[in-house]
file model02.csv (CSV, C-alpha atoms and all ligand atoms)
chain,number,residue,atom,x,y,z
A,1303,MET,CA,-11.7,-15.2,23.8
A,1304,SER,CA,-11.2,-11.8,22.1
A,1305,HIS,CA,-10.7,-11.9,18.4
A,1306,LYS,CA,-8.2,-9.1,18.8
A,1307,ASP,CA,-5.8,-11.6,20.4
A,1308,LEU,CA,-5.9,-13.9,17.4
A,1309,ASP,CA,-3.6,-14.0,14.4
A,1310,MET,CA,-4.9,-12.2,11.2
A,1311,LYS,CA,-5.4,-15.6,9.5
A,1312,SER,CA,-8.0,-16.6,12.2
A,1313,ARG,CA,-9.5,-13.1,12.5
A,1314,CYS,CA,-10.3,-13.0,8.7
A,1315,VAL,CA,-12.4,-16.1,9.3
A,1316,HIS,CA,-14.1,-15.1,12.5
A,1317,ALA,CA,-14.3,-11.3,12.5
A,1318,GLY,CA,-17.8,-9.9,12.7
A,1319,ILE,CA,-19.5,-13.2,13.4
A,1320,GLU,CA,-21.7,-13.3,16.5
A,1321,PRO,CA,-23.8,-16.1,17.9
A,1322,GLU,CA,-27.0,-16.5,15.9
A,1323,PRO,CA,-30.3,-17.4,17.6
A,1324,LYS,CA,-31.0,-20.4,15.3
A,1325,GLY,CA,-27.4,-21.6,15.4
A,1326,ALA,CA,-26.5,-20.6,11.8
A,1327,VAL,CA,-22.7,-20.7,11.4
A,1328,VAL,CA,-22.9,-18.1,8.6
A,1329,PRO,CA,-24.8,-14.8,9.3
A,1330,PRO,CA,-28.2,-15.0,7.6
A,1331,ILE,CA,-29.0,-12.5,4.8
A,1332,TYR,CA,-31.7,-10.1,6.1
A,1333,GLN,CA,-33.0,-9.3,2.6
A,1334,THR,CA,-35.5,-6.7,3.8
A,1335,SER,CA,-35.9,-3.0,3.3
A,1336,THR,CA,-37.7,-2.4,6.6
A,1337,PHE,CA,-38.3,-3.8,10.1
A,1338,SER,CA,-41.6,-4.0,12.0
A,1339,PHE,CA,-41.9,-2.5,15.5
A,1340,LYS,CA,-43.5,-4.5,18.3
A,1341,SER,CA,-45.6,-1.5,19.3
A,1342,ALA,CA,-45.9,2.3,18.9
A,1343,ALA,CA,-43.8,2.7,22.0
A,1344,HIS,CA,-41.1,0.4,20.6
A,1345,GLY,CA,-41.0,2.3,17.3
A,1346,ALA,CA,-40.7,5.6,19.3
A,1347,ALA,CA,-37.9,4.2,21.5
A,1348,LEU,CA,-35.9,3.1,18.4
A,1349,PHE,CA,-36.3,6.5,16.6
A,1350,GLN,CA,-35.2,8.3,19.8
A,1351,GLY,CA,-32.2,6.0,20.1
A,1352,LYS,CA,-33.4,4.9,23.6
A,1353,GLU,CA,-33.4,1.2,22.5
A,1354,LYS,CA,-31.1,-0.7,20.1
A,1355,GLY,CA,-32.7,-2.3,17.1
A,1356,TYR,CA,-33.5,-2.0,13.4
A,1357,ILE,CA,-35.7,0.5,11.7
A,1358,TYR,CA,-34.9,0.7,7.9
A,1359,THR,CA,-32.0,-0.9,6.0
A,1360,ARG,CA,-30.6,2.5,4.9
A,1361,LEU,CA,-30.0,3.2,8.6
A,1362,GLY,CA,-28.8,-0.3,9.6
A,1363,ASN,CA,-29.3,-4.0,8.8
A,1364,PRO,CA,-27.8,-7.1,10.7
A,1365,THR,CA,-26.2,-8.6,7.6
A,1366,ILE,CA,-24.5,-5.3,6.7
A,1367,GLU,CA,-23.5,-4.7,10.3
A,1368,ALA,CA,-21.8,-8.1,10.5
A,1369,MET,CA,-19.5,-7.2,7.6
A,1370,GLU,CA,-18.9,-3.7,8.8
A,1371,ARG,CA,-17.8,-5.0,12.2
A,1372,ALA,CA,-15.5,-7.5,10.5
A,1373,VAL,CA,-13.6,-5.0,8.4
A,1374,ALA,CA,-13.4,-2.6,11.3
A,1375,ASP,CA,-12.0,-5.3,13.5
A,1376,LEU,CA,-9.3,-6.1,11.0
A,1377,GLU,CA,-8.4,-2.4,10.5
A,1378,GLY,CA,-8.5,-1.8,14.3
A,1379,GLY,CA,-11.1,1.0,13.9
A,1380,TYR,CA,-14.1,2.0,16.0
A,1381,ASP,CA,-16.7,0.5,13.5
A,1382,GLY,CA,-17.3,0.3,9.8
A,1383,MET,CA,-19.8,1.9,7.4
A,1384,ALA,CA,-20.5,0.1,4.2
A,1385,CYS,CA,-21.2,2.1,1.1
A,1386,SER,CA,-22.4,1.4,-2.4
A,1387,SER,CA,-18.9,1.9,-3.9
A,1388,GLY,CA,-15.4,3.0,-3.0
A,1389,MET,CA,-16.2,6.4,-4.6
A,1390,ALA,CA,-19.3,6.7,-2.3
A,1391,ALA,CA,-17.1,6.0,0.7
A,1392,ILE,CA,-14.7,8.7,-0.3
A,1393,HIS,CA,-17.5,11.2,-1.1
A,1394,THR,CA,-19.2,10.5,2.2
A,1395,VAL,CA,-16.1,11.4,4.2
A,1396,LEU,CA,-15.5,14.5,2.1
A,1397,ALA,CA,-19.1,15.6,2.6
A,1398,THR,CA,-18.9,15.0,6.3
A,1399,PHE,CA,-15.8,17.0,7.2
A,1400,LEU,CA,-15.4,19.7,4.5
A,1401,HIS,CA,-17.1,23.2,4.3
A,1402,ALA,CA,-16.8,25.9,1.7
A,1403,GLY,CA,-13.4,27.6,2.0
A,1404,ASP,CA,-11.7,24.4,3.3
A,1405,HIS,CA,-8.6,22.9,1.6
A,1406,VAL,CA,-7.6,19.3,0.8
A,1407,VAL,CA,-4.1,17.9,0.2
A,1408,SER,CA,-4.3,14.8,-2.0
A,1409,SER,CA,-1.7,12.5,-3.4
A,1410,GLU,CA,-1.5,13.0,-7.1
A,1411,SER,CA,-1.3,9.3,-7.8
A,1412,VAL,CA,-4.9,8.3,-6.9
A,1413,TYR,CA,-7.6,6.5,-8.8
A,1414,GLY,CA,-8.5,8.9,-11.7
A,1415,PRO,CA,-12.2,9.5,-10.6
A,1416,VAL,CA,-11.0,10.6,-7.1
A,1417,THR,CA,-9.0,13.4,-8.8
A,1418,SER,CA,-12.2,14.3,-10.8
A,1419,LEU,CA,-14.4,14.2,-7.7
A,1420,LEU,CA,-12.2,16.7,-6.0
A,1421,ASN,CA,-11.8,18.9,-9.0
A,1422,THR,CA,-15.5,19.0,-10.0
A,1423,VAL,CA,-18.1,18.2,-7.3
A,1424,MET,CA,-16.0,19.3,-4.4
A,1425,ALA,CA,-14.5,22.3,-6.2
A,1426,ARG,CA,-18.1,23.6,-7.1
A,1427,LEU,CA,-18.8,23.6,-3.3
A,1428,GLY,CA,-15.8,25.9,-2.7
A,1429,ILE,CA,-13.4,23.2,-1.6
A,1430,GLU,CA,-10.0,23.5,-3.2
A,1431,THR,CA,-7.5,20.6,-3.5
A,1432,THR,CA,-3.7,20.6,-4.0
A,1433,PHE,CA,-2.3,17.4,-5.5
A,1434,VAL,CA,1.2,16.5,-4.5
A,1435,ASP,CA,3.7,13.7,-4.8
A,1436,SER,CA,2.9,12.2,-1.5
A,1437,SER,CA,6.0,10.0,-1.5
A,1438,ASN,CA,7.8,13.3,-0.8
A,1439,THR,CA,6.8,14.2,2.8
A,1440,ALA,CA,8.4,17.6,2.4
A,1441,ALA,CA,6.0,18.3,-0.6
A,1442,VAL,CA,3.0,17.3,1.5
A,1443,ALA,CA,4.2,19.7,4.3
A,1444,ALA,CA,4.7,22.5,1.8
A,1445,ALA,CA,1.1,22.1,0.5
A,1446,ILE,CA,-0.6,22.4,3.9
A,1447,ARG,CA,-2.4,25.7,4.5
A,1448,PRO,CA,-4.2,27.1,7.5
A,1449,GLU,CA,-7.5,26.0,5.8
A,1450,THR,CA,-6.3,22.4,5.2
A,1451,LYS,CA,-8.8,20.1,6.9
A,1452,LEU,CA,-8.1,16.8,5.2
A,1453,ILE,CA,-5.1,14.9,3.7
A,1454,HIS,CA,-6.1,12.0,1.4
A,1455,VAL,CA,-3.6,9.4,0.3
A,1456,GLU,CA,-3.6,6.1,-1.5
A,1457,THR,CA,-0.6,4.0,-0.7
A,1458,PRO,CA,0.6,2.3,-2.8
A,1459,GLY,CA,-1.0,4.7,-5.2
A,1460,ASN,CA,-3.1,3.7,-8.2
A,1461,PRO,CA,-1.5,3.1,-10.7
A,1462,THR,CA,2.1,4.2,-10.1
A,1463,LEU,CA,2.5,2.3,-6.8
A,1464,VAL,CA,4.2,5.3,-5.2
A,1465,VAL,CA,4.3,4.8,-1.5
A,1466,THR,CA,3.5,7.4,1.2
A,1467,ASP,CA,5.2,7.4,4.7
A,1468,LEU,CA,1.9,7.1,6.7
A,1469,ALA,CA,3.4,7.9,10.1
A,1470,ALA,CA,5.2,11.0,8.8
A,1471,VAL,CA,2.1,12.3,6.9
A,1472,ALA,CA,-0.2,11.6,9.9
A,1473,ALA,CA,2.1,13.7,12.1
A,1474,LEU,CA,2.0,16.5,9.6
A,1475,ALA,CA,-1.9,16.3,9.4
A,1476,HIS,CA,-2.3,16.4,13.1
A,1477,LYS,CA,0.1,19.3,13.6
A,1478,ALA,CA,-2.1,21.2,11.1
A,1479,GLY,CA,-5.3,20.2,12.9
A,1480,ALA,CA,-6.3,18.1,9.8
A,1481,ARG,CA,-7.5,14.5,9.4
A,1482,LEU,CA,-5.6,11.9,7.4
A,1483,MET,CA,-7.7,9.6,5.3
A,1484,VAL,CA,-6.0,6.6,3.8
A,1485,ASP,CA,-7.3,4.5,0.9
A,1486,ASN,CA,-6.1,1.0,1.9
A,1487,THR,CA,-7.6,-0.7,-1.1
A,1488,PHE,CA,-4.3,-1.9,-2.6
A,1489,LEU,CA,-3.0,-3.8,0.4
A,1490,SER,CA,-6.0,-4.5,2.7
A,1491,PRO,CA,-5.7,-4.7,6.5
A,1492,VAL,CA,-3.9,-8.0,6.1
A,1493,LEU,CA,-0.8,-6.2,4.8
A,1494,GLN,CA,-1.2,-2.6,6.1
A,1495,GLN,CA,-3.0,-1.0,9.0
A,1496,PRO,CA,-3.0,2.8,8.5
A,1497,LEU,CA,-5.0,3.5,11.7
A,1498,ALA,CA,-2.1,2.0,13.8
A,1499,LEU,CA,0.3,4.2,11.9
A,1500,GLY,CA,-1.6,7.4,12.8
A,1501,ALA,CA,-4.3,7.7,10.2
A,1502,ASP,CA,-7.8,8.9,11.3
A,1503,ILE,CA,-10.0,7.3,8.7
A,1504,VAL,CA,-9.4,4.3,6.4
A,1505,ILE,CA,-11.5,3.7,3.3
A,1506,HIS,CA,-11.7,0.8,0.9
A,1507,SER,CA,-13.1,-0.1,-2.4
A,1508,LEU,CA,-14.6,-3.4,-1.2
A,1509,THR,CA,-14.9,-4.2,-4.9
A,1510,LYS,CA,-11.2,-5.2,-4.8
A,1511,PHE,CA,-9.2,-7.5,-2.5
A,1512,ILE,CA,-11.7,-7.5,0.5
A,1513,ASN,CA,-14.5,-9.1,-1.6
A,1514,GLY,CA,-11.9,-10.6,-3.9
A,1515,HIS,CA,-14.3,-12.3,-6.4
A,1516,ALA,CA,-15.1,-9.4,-8.9
A,1517,ASP,CA,-18.8,-9.8,-8.3
A,1518,VAL,CA,-19.7,-6.8,-6.0
A,1519,VAL,CA,-19.2,-3.1,-6.2
A,1520,GLY,CA,-18.9,-1.6,-2.7
A,1521,GLY,CA,-17.0,0.6,-0.3
A,1522,ILE,CA,-16.4,1.0,3.4
A,1523,ILE,CA,-15.3,3.7,5.8
A,1524,VAL,CA,-13.5,2.8,9.1
A,1525,PRO,CA,-12.8,5.7,11.4
A,1526,LYS,CA,-10.6,5.4,14.4
A,1527,THR,CA,-12.8,7.3,16.9
A,1528,GLU,CA,-16.5,7.0,17.9
A,1529,ALA,CA,-16.9,10.8,17.3
A,1530,ASP,CA,-15.9,10.5,13.7
A,1531,TYR,CA,-18.0,7.4,13.3
A,1532,LYS,CA,-21.1,9.2,14.5
A,1533,ALA,CA,-20.4,12.2,12.3
A,1534,ILE,CA,-19.8,10.1,9.1
A,1535,ARG,CA,-22.8,7.8,9.9
A,1536,ALA,CA,-25.1,10.8,10.1
A,1537,THR,CA,-24.0,11.9,6.6
A,1538,LEU,CA,-24.2,8.4,5.2
A,1539,SER,CA,-27.8,8.0,6.5
A,1540,LEU,CA,-28.8,11.2,4.8
A,1541,VAL,CA,-26.9,10.8,1.5
A,1542,GLY,CA,-28.0,7.2,1.3
A,1543,SER,CA,-25.1,5.7,-0.6
A,1544,THR,CA,-25.3,2.5,1.4
A,1545,LEU,CA,-24.7,-1.1,0.5
A,1546,GLY,CA,-27.4,-3.7,0.1
A,1547,PRO,CA,-27.7,-6.8,2.4
A,1548,HIS,CA,-26.9,-9.4,-0.3
A,1549,ASP,CA,-23.8,-7.6,-1.4
A,1550,ALA,CA,-22.7,-7.2,2.2
A,1551,PHE,CA,-23.1,-11.0,2.6
A,1552,LEU,CA,-21.0,-11.7,-0.4
A,1553,VAL,CA,-18.2,-9.3,0.8
A,1554,HIS,CA,-18.3,-11.0,4.2
A,1555,ARG,CA,-17.9,-14.4,2.6
A,1556,GLY,CA,-15.0,-13.2,0.5
A,1557,LEU,CA,-13.3,-11.6,3.5
A,1558,LYS,CA,-12.9,-15.1,5.1
A,1559,THR,CA,-10.3,-16.1,2.5
A,1560,LEU,CA,-8.6,-12.6,2.3
A,1561,CYS,CA,-5.4,-13.9,4.1
A,1562,LEU,CA,-5.0,-16.9,1.8
A,1563,ARG,CA,-5.8,-14.9,-1.4
A,1564,MET,CA,-3.5,-12.1,-0.4
A,1565,ALA,CA,-0.6,-14.4,0.4
A,1566,ARG,CA,-0.9,-16.1,-3.1
A,1567,SER,CA,-1.3,-12.8,-4.9
A,1568,CYS,CA,1.8,-11.4,-3.2
A,1569,GLU,CA,3.9,-14.4,-4.0
A,1570,ASN,CA,2.8,-14.4,-7.6
A,1571,ALA,CA,3.2,-10.7,-8.0
A,1572,LEU,CA,6.7,-10.6,-6.6
A,1573,LYS,CA,7.7,-13.5,-8.9
A,1574,ILE,CA,6.3,-11.7,-11.9
A,1575,ALA,CA,7.8,-8.3,-10.9
A,1576,GLU,CA,11.3,-9.9,-10.7
A,1577,TRP,CA,10.8,-11.6,-14.1
A,1578,LEU,CA,9.6,-8.3,-15.7
A,1579,ASP,CA,12.5,-6.4,-14.0
A,1580,ALA,CA,15.0,-8.7,-15.9
A,1581,HIS,CA,13.1,-8.5,-19.3
A,1582,PRO,CA,14.8,-6.5,-22.1
A,1583,ALA,CA,11.4,-5.1,-23.4
A,1584,VAL,CA,10.6,-3.6,-20.0
A,1585,GLU,CA,11.9,-0.2,-19.1
A,1586,TRP,CA,11.0,-0.1,-15.5
A,1587,VAL,CA,9.0,-2.0,-12.9
A,1588,ARG,CA,7.2,-0.8,-9.7
A,1589,TYR,CA,6.3,-3.2,-7.0
A,1590,PRO,CA,6.7,-2.2,-3.4
A,1591,TYR,CA,8.4,-5.4,-2.4
A,1592,LEU,CA,10.8,-5.6,-5.3
A,1593,ALA,CA,14.4,-5.2,-4.0
A,1594,SER,CA,15.1,-2.6,-6.7
A,1595,ASP,CA,12.0,-0.5,-5.9
A,1596,PRO,CA,13.0,3.0,-4.8
A,1597,GLN,CA,10.7,2.8,-1.8
A,1598,HIS,CA,11.4,-0.8,-0.9
A,1599,GLU,CA,12.7,-0.1,2.6
A,1600,LEU,CA,9.7,2.1,3.5
A,1601,SER,CA,7.3,-0.6,2.1
A,1602,ARG,CA,9.0,-3.3,4.2
A,1603,ARG,CA,8.7,-1.1,7.3
A,1604,GLN,CA,5.1,-0.1,6.8
A,1605,ALA,CA,3.5,-3.1,5.2
A,1606,LYS,CA,3.7,-6.9,5.5
A,1607,GLY,CA,3.6,-7.5,1.8
A,1608,GLY,CA,3.7,-5.8,-1.6
A,1609,GLY,CA,0.1,-6.7,-2.6
A,1610,GLY,CA,-1.1,-8.0,-5.9
A,1611,VAL,CA,-0.7,-5.0,-8.2
A,1612,VAL,CA,2.4,-4.5,-10.4
A,1613,SER,CA,3.0,-1.6,-12.8
A,1614,PHE,CA,5.6,-1.5,-15.5
A,1615,GLY,CA,6.7,0.6,-18.4
A,1616,LEU,CA,7.3,-0.8,-21.9
A,1617,ASN,CA,10.3,0.4,-23.9
A,1618,GLY,CA,7.9,0.6,-26.9
A,1619,GLY,CA,5.6,3.1,-25.3
A,1620,PHE,CA,1.9,3.4,-26.2
A,1621,LYS,CA,2.1,1.0,-29.2
A,1622,ALA,CA,3.8,-1.7,-27.2
A,1623,GLY,CA,1.1,-1.3,-24.5
A,1624,VAL,CA,-1.7,-1.8,-27.1
A,1625,LYS,CA,0.1,-4.9,-28.5
A,1626,MET,CA,0.4,-6.4,-25.1
A,1627,MET,CA,-3.3,-5.9,-24.4
A,1628,GLU,CA,-4.1,-7.7,-27.6
A,1629,SER,CA,-1.7,-10.6,-27.0
A,1630,VAL,CA,-2.5,-11.9,-23.6
A,1631,GLU,CA,-5.0,-14.7,-23.1
A,1632,LEU,CA,-4.9,-15.8,-19.4
A,1633,PHE,CA,-5.0,-12.2,-18.2
A,1634,ALA,CA,-8.4,-10.6,-18.8
A,1635,LEU,CA,-8.2,-7.1,-20.4
A,1636,ALA,CA,-10.2,-5.3,-17.8
A,1637,VAL,CA,-10.1,-2.4,-15.2
A,1638,SER,CA,-10.5,-3.1,-11.5
A,1639,LEU,CA,-8.2,-5.3,-9.5
A,1640,GLY,CA,-7.9,-7.5,-6.4
A,1641,GLY,CA,-9.9,-10.5,-7.6
A,1642,VAL,CA,-8.8,-14.1,-7.8
A,1643,GLU,CA,-8.4,-13.7,-11.6
A,1644,SER,CA,-5.5,-11.8,-13.1
A,1645,LEU,CA,-6.4,-8.6,-15.0
A,1646,ILE,CA,-4.3,-6.3,-17.2
A,1647,GLN,CA,-5.0,-2.7,-18.2
A,1648,HIS,CA,-3.4,0.4,-19.8
A,1649,PRO,CA,-4.2,3.5,-17.8
A,1650,ALA,CA,-3.3,6.0,-20.5
A,1651,SER,CA,-6.2,4.8,-22.6
A,1652,MET,CA,-8.5,3.6,-19.8
A,1653,THR,CA,-8.7,4.7,-16.1
A,1654,HIS,CA,-6.7,7.9,-16.5
A,1655,ALA,CA,-7.8,8.7,-20.1
A,1656,ASN,CA,-9.7,11.8,-19.0
A,1657,MET,CA,-6.7,13.3,-17.3
A,1658,LYS,CA,-4.8,16.0,-19.3
A,1659,PRO,CA,-1.7,14.3,-20.8
A,1660,GLU,CA,0.6,16.7,-19.1
A,1661,LEU,CA,-1.0,16.0,-15.7
A,1662,ARG,CA,-0.8,12.3,-16.4
A,1663,GLU,CA,2.9,12.6,-17.1
A,1664,GLN,CA,3.4,14.7,-14.0
A,1665,ALA,CA,1.7,12.0,-12.0
A,1666,GLY,CA,4.1,9.4,-13.4
A,1667,ILE,CA,1.5,7.7,-15.7
A,1668,SER,CA,3.5,7.3,-18.9
A,1669,ASP,CA,2.0,6.2,-22.2
A,1670,GLY,CA,3.7,2.8,-22.0
A,1671,LEU,CA,2.6,2.1,-18.4
A,1672,VAL,CA,0.8,-1.2,-18.0
A,1673,ARG,CA,-0.8,-2.3,-14.7
A,1674,ILE,CA,-1.5,-5.8,-13.8
A,1675,SER,CA,-3.6,-7.2,-10.9
A,1676,VAL,CA,-2.2,-10.6,-10.1
A,1677,GLY,CA,-4.6,-13.2,-9.1
A,1678,ILE,CA,-4.2,-16.6,-7.5
A,1679,GLU,CA,-3.5,-18.6,-10.7
A,1680,ASP,CA,-0.2,-20.5,-11.3
A,1681,ALA,CA,2.7,-17.9,-11.5
A,1682,ASP,CA,4.5,-19.7,-14.3
A,1683,GLU,CA,1.4,-19.8,-16.5
A,1684,LEU,CA,0.9,-16.0,-15.9
A,1685,ILE,CA,4.5,-15.3,-16.8
A,1686,ALA,CA,4.1,-17.4,-20.0
A,1687,ASP,CA,1.0,-15.3,-20.9
A,1688,LEU,CA,2.9,-12.0,-20.4
A,1689,GLU,CA,5.8,-13.3,-22.4
A,1690,ARG,CA,3.4,-13.6,-25.4
A,1691,GLY,CA,2.7,-9.9,-25.2
A,1692,LEU,CA,6.3,-8.6,-24.8
B,1701,LIG,N1,-9.8,3.5,-4.5
B,1701,LIG,C1,-9.0,2.8,-5.2
B,1701,LIG,C2,-7.5,2.7,-4.8
B,1701,LIG,C3,-9.4,2.2,-6.4
B,1701,LIG,O1,-8.5,1.5,-7.1
B,1701,LIG,C4,-10.8,2.4,-6.8
B,1701,LIG,C5,-11.3,1.8,-8.0
B,1701,LIG,C6,-11.6,3.2,-6.0
B,1701,LIG,C7,-11.1,3.7,-4.8
B,1701,LIG,C8,-13.0,3.4,-6.3
B,1701,LIG,O2,-13.8,2.3,-5.9
B,1701,LIG,P1,-15.1,1.8,-6.6
B,1701,LIG,O3,-16.0,3.0,-6.5
B,1701,LIG,O4,-14.8,1.5,-8.0
B,1701,LIG,O5,-15.6,0.7,-5.7
B,1701,LIG,N2,-10.3,1.4,-8.9
B,1701,LIG,C9,-10.5,0.9,-10.1
B,1701,LIG,C10,-9.4,0.7,-11.0
B,1701,LIG,O6,-8.3,0.8,-10.8
B,1701,LIG,N3,-10.0,0.3,-12.2
B,1701,LIG,O7,-11.3,0.2,-12.1
B,1701,LIG,C11,-11.8,0.6,-10.8
call {"tool": "encode", "arguments": {"input": "model02.csv", "output": "structure tokens"}}
result
Amino acid sequence: MSHKDLDMKSRCVHAGIEPEPKGAVVPPIYQTSTFSFKSAAHGAALFQGKEKGYIYTRLGNPTIEAMERAVADLEGGYDGMACSSGMAAIHTVLATFLHAGDHVVSSESVYGPVTSLLNTVMARLGIETTFVDSSNTAAVAAAIRPETKLIHVETPGNPTLVVTDLAAVAALAHKAGARLMVDNTFLSPVLQQPLALGADIVIHSLTKFINGHADVVGGIIVPKTEADYKAIRATLSLVGSTLGPHDAFLVHRGLKTLCLRMARSCENALKIAEWLDAHPAVEWVRYPYLASDPQHELSRRQAKGGGGVVSFGLNGGFKAGVKMMESVELFALAVSLGGVESLIQHPASMTHANMKPELREQAGISDGLVRISVGIEDADELIADLERGL
């Protein structure tokens, strides 16, 4: 039976698992940095790629590979490459495909450090980036130049929840001879599969929904083709921003409940978004599956759910945001997202604090914007907690 024929609920449980010689149902943790060769000839054959096997954990490890296979299976990609963080995953792709003189088009609503990575480390190497409102496909088209080699989008974007039409942007990228990289962290493959919509590479911060338990920092890259896999793997092996076996084990364990956790987070988030939408202290709410969301129709077409993140603006601006942070008790005041526990944060003073205020405003991150990551607790208890802060 091929896992590919199974429903996502079953695939989350079984993806990446292969028969184990000693009959272990759960893949063992190969907590080793290196692997011994049976002979000099065996070692030589492994290094020359004439035989399959393990050499050194930076280059490959069975526990890490099981998790990589699992995420790639769910995303419908060729294979996965686990990284030490989501940022490492993004950097590894940029370092693989970009040369001095190349140009990148990125959505302007991306996790703050991604903007900084492009504007500092990559800019110093002679790679220029244009940031655009990627919900506006015409703006993406207008930003493309002959030197554009990569389009990078997060959809929904962090923290504005702006949605990009992936099929349309993939078509633009390919017409220009560029690759489309999609950060699928906010929805996970359970809700959105960018490769099927035309993207070339999917990346994740595994730190978020895929692991789901706020106890690992990790990332993964899943390209569609074998050729891209080989090119990126070569960079990753040299740059060395790989994940450790124990963290890979934890992520693989978390992945098994991804469908269940996502379903509850989506249900809770929609209920909270509807409640916020009707609240007099709230100026606006963005949640892709909210009926009043400006991109509701596209979200329904492109994704099977709205995810667990909701952003909203408070009428009282910055001050009201701070008051809210100080009032909640069940929500933890913390950055990150996608865990079983609900979190709340204020981007203007936290994740996007290093962005120039005018750029922040241009990217839709107003001073009163509050972002919540909705976990799997009881929705009414979460609502009562937010009410305390409004
Ligand atoms: N992509 C997205 C969409 C993210 O939200 C984050 C982190 C990353 C990539 C980077 O992943 P990391 O290196 O942290 O594994 N987002 C965070 C956030 O919103 N608050 O804290 C971290």
call {"tool": "residues_near_ligand", "arguments": {"input": "model02.csv", "ligand": "ligand LIG 1701 (chain B)", "cutoff": "7 Å", "atoms": "all atoms listed in the file", "output": "PyMOL selection string"}}
result
chain A and resi 1387-1390+1412-1413+1456+1459-1460+1485+1487-1488+1506-1509+1519-1521+1637-1639+1653
call {"tool": "write_last_selection", "arguments": {"input": "model02.csv", "atoms": "C-alpha atoms", "output": "compact mmCIF listing (two decimals), in the coordinates of the input"}}
result
# COMPACT_ATOMS: atom_id res chain seq x y z
CA SER A 1387 -18.90 1.90 -3.90
CA GLY A 1388 -15.40 3.00 -3.00
CA MET A 1389 -16.20 6.40 -4.60
CA ALA A 1390 -19.30 6.70 -2.30
CA VAL A 1412 -4.90 8.30 -6.90
CA TYR A 1413 -7.60 6.50 -8.80
CA GLU A 1456 -3.60 6.10 -1.50
CA GLY A 1459 -1.00 4.70 -5.20
CA ASN A 1460 -3.10 3.70 -8.20
CA ASP A 1485 -7.30 4.50 0.90
CA THR A 1487 -7.60 -0.70 -1.10
CA PHE A 1488 -4.30 -1.90 -2.60
CA HIS A 1506 -11.70 0.80 0.90
CA SER A 1507 -13.10 -0.10 -2.40
CA LEU A 1508 -14.60 -3.40 -1.20
CA THR A 1509 -14.90 -4.20 -4.90
CA VAL A 1519 -19.20 -3.10 -6.20
CA GLY A 1520 -18.90 -1.60 -2.70
CA GLY A 1521 -17.00 0.60 -0.30
CA VAL A 1637 -10.10 -2.40 -15.20
CA SER A 1638 -10.50 -3.10 -11.50
CA LEU A 1639 -8.20 -5.30 -9.50
CA THR A 1653 -8.70 4.70 -16.10
call {"tool": "residues_around", "arguments": {"input": "model02.csv", "residues": "range 1558-1572 of chain A", "least_positions_apart": "2", "cutoff": "6 Å", "atoms": "all atoms listed in the file", "output": "ChimeraX atom specification"}}
result
/A:1311,1314-1315,1555-1556,1574-1575,1609-1610,1676-1678,1681
call {"tool": "residues_around", "arguments": {"input": "model02.csv", "residues": "Tyr1591 in chain A", "least_positions_apart": "3", "cutoff": "10 Å", "atoms": "only C-alpha atoms", "output": "list in words"}}
result
Cys1568, Ala1571, Leu1572, Ala1575, Glu1576, Arg1588, Ser1594, Asp1595, Pro1596, Gln1597, His1598, Glu1599, Leu1600, Ser1601, Arg1602, Ala1605, Lys1606, Gly1607, Gly1608 and Gly1609 of chain A
call {"tool": "closest_residue", "arguments": {"input": "model02.csv", "among": "A:Ser1668, A:Asn1486, A:Asn1363, A:Thr1457", "to": "Gly1618 in chain A", "atoms": "only C-alpha atoms"}}
result
A:Ser1668
call {"tool": "residues_around", "arguments": {"input": "model02.csv", "residues": "Gly1403 in chain A", "least_positions_apart": "3", "cutoff": "9 Å", "atoms": "all atoms listed in the file", "output": "list of chain:residue names"}}
result
A:Leu1400, A:Leu1427, A:Gly1428, A:Ile1429, A:Glu1430, A:Glu1449
call {"tool": "atom_distance", "arguments": {"input": "model02.csv", "atom1": "CA of Gln1333 in chain A", "atom2": "CA of Ser1312 in chain A"}}
result
27.8 Å
call {"tool": "residues_around", "arguments": {"input": "model02.csv", "residues": "Ala1469 in chain A", "least_positions_apart": "4", "cutoff": "12 Å", "atoms": "only C-alpha atoms", "output": "PyMOL selection string"}}
result
chain A and resi 1439+1473-1476+1482+1484+1495-1502+1600+1603-1604
call {"tool": "closest_residue", "arguments": {"input": "model02.csv", "among": "A:Glu1679, A:Asp1307, A:Asp1530, A:Asp1669", "to": "Phe1399 in chain A", "atoms": "all atoms listed in the file"}}
result
A:Asp1530
call {"tool": "closest_residue", "arguments": {"input": "model02.csv", "among": "A:Ala1478, A:Ile1522, A:Ile1646, A:Val1672", "to": "Thr1394 in chain A", "atoms": "all atoms listed in the file"}}
result
A:Ile1522
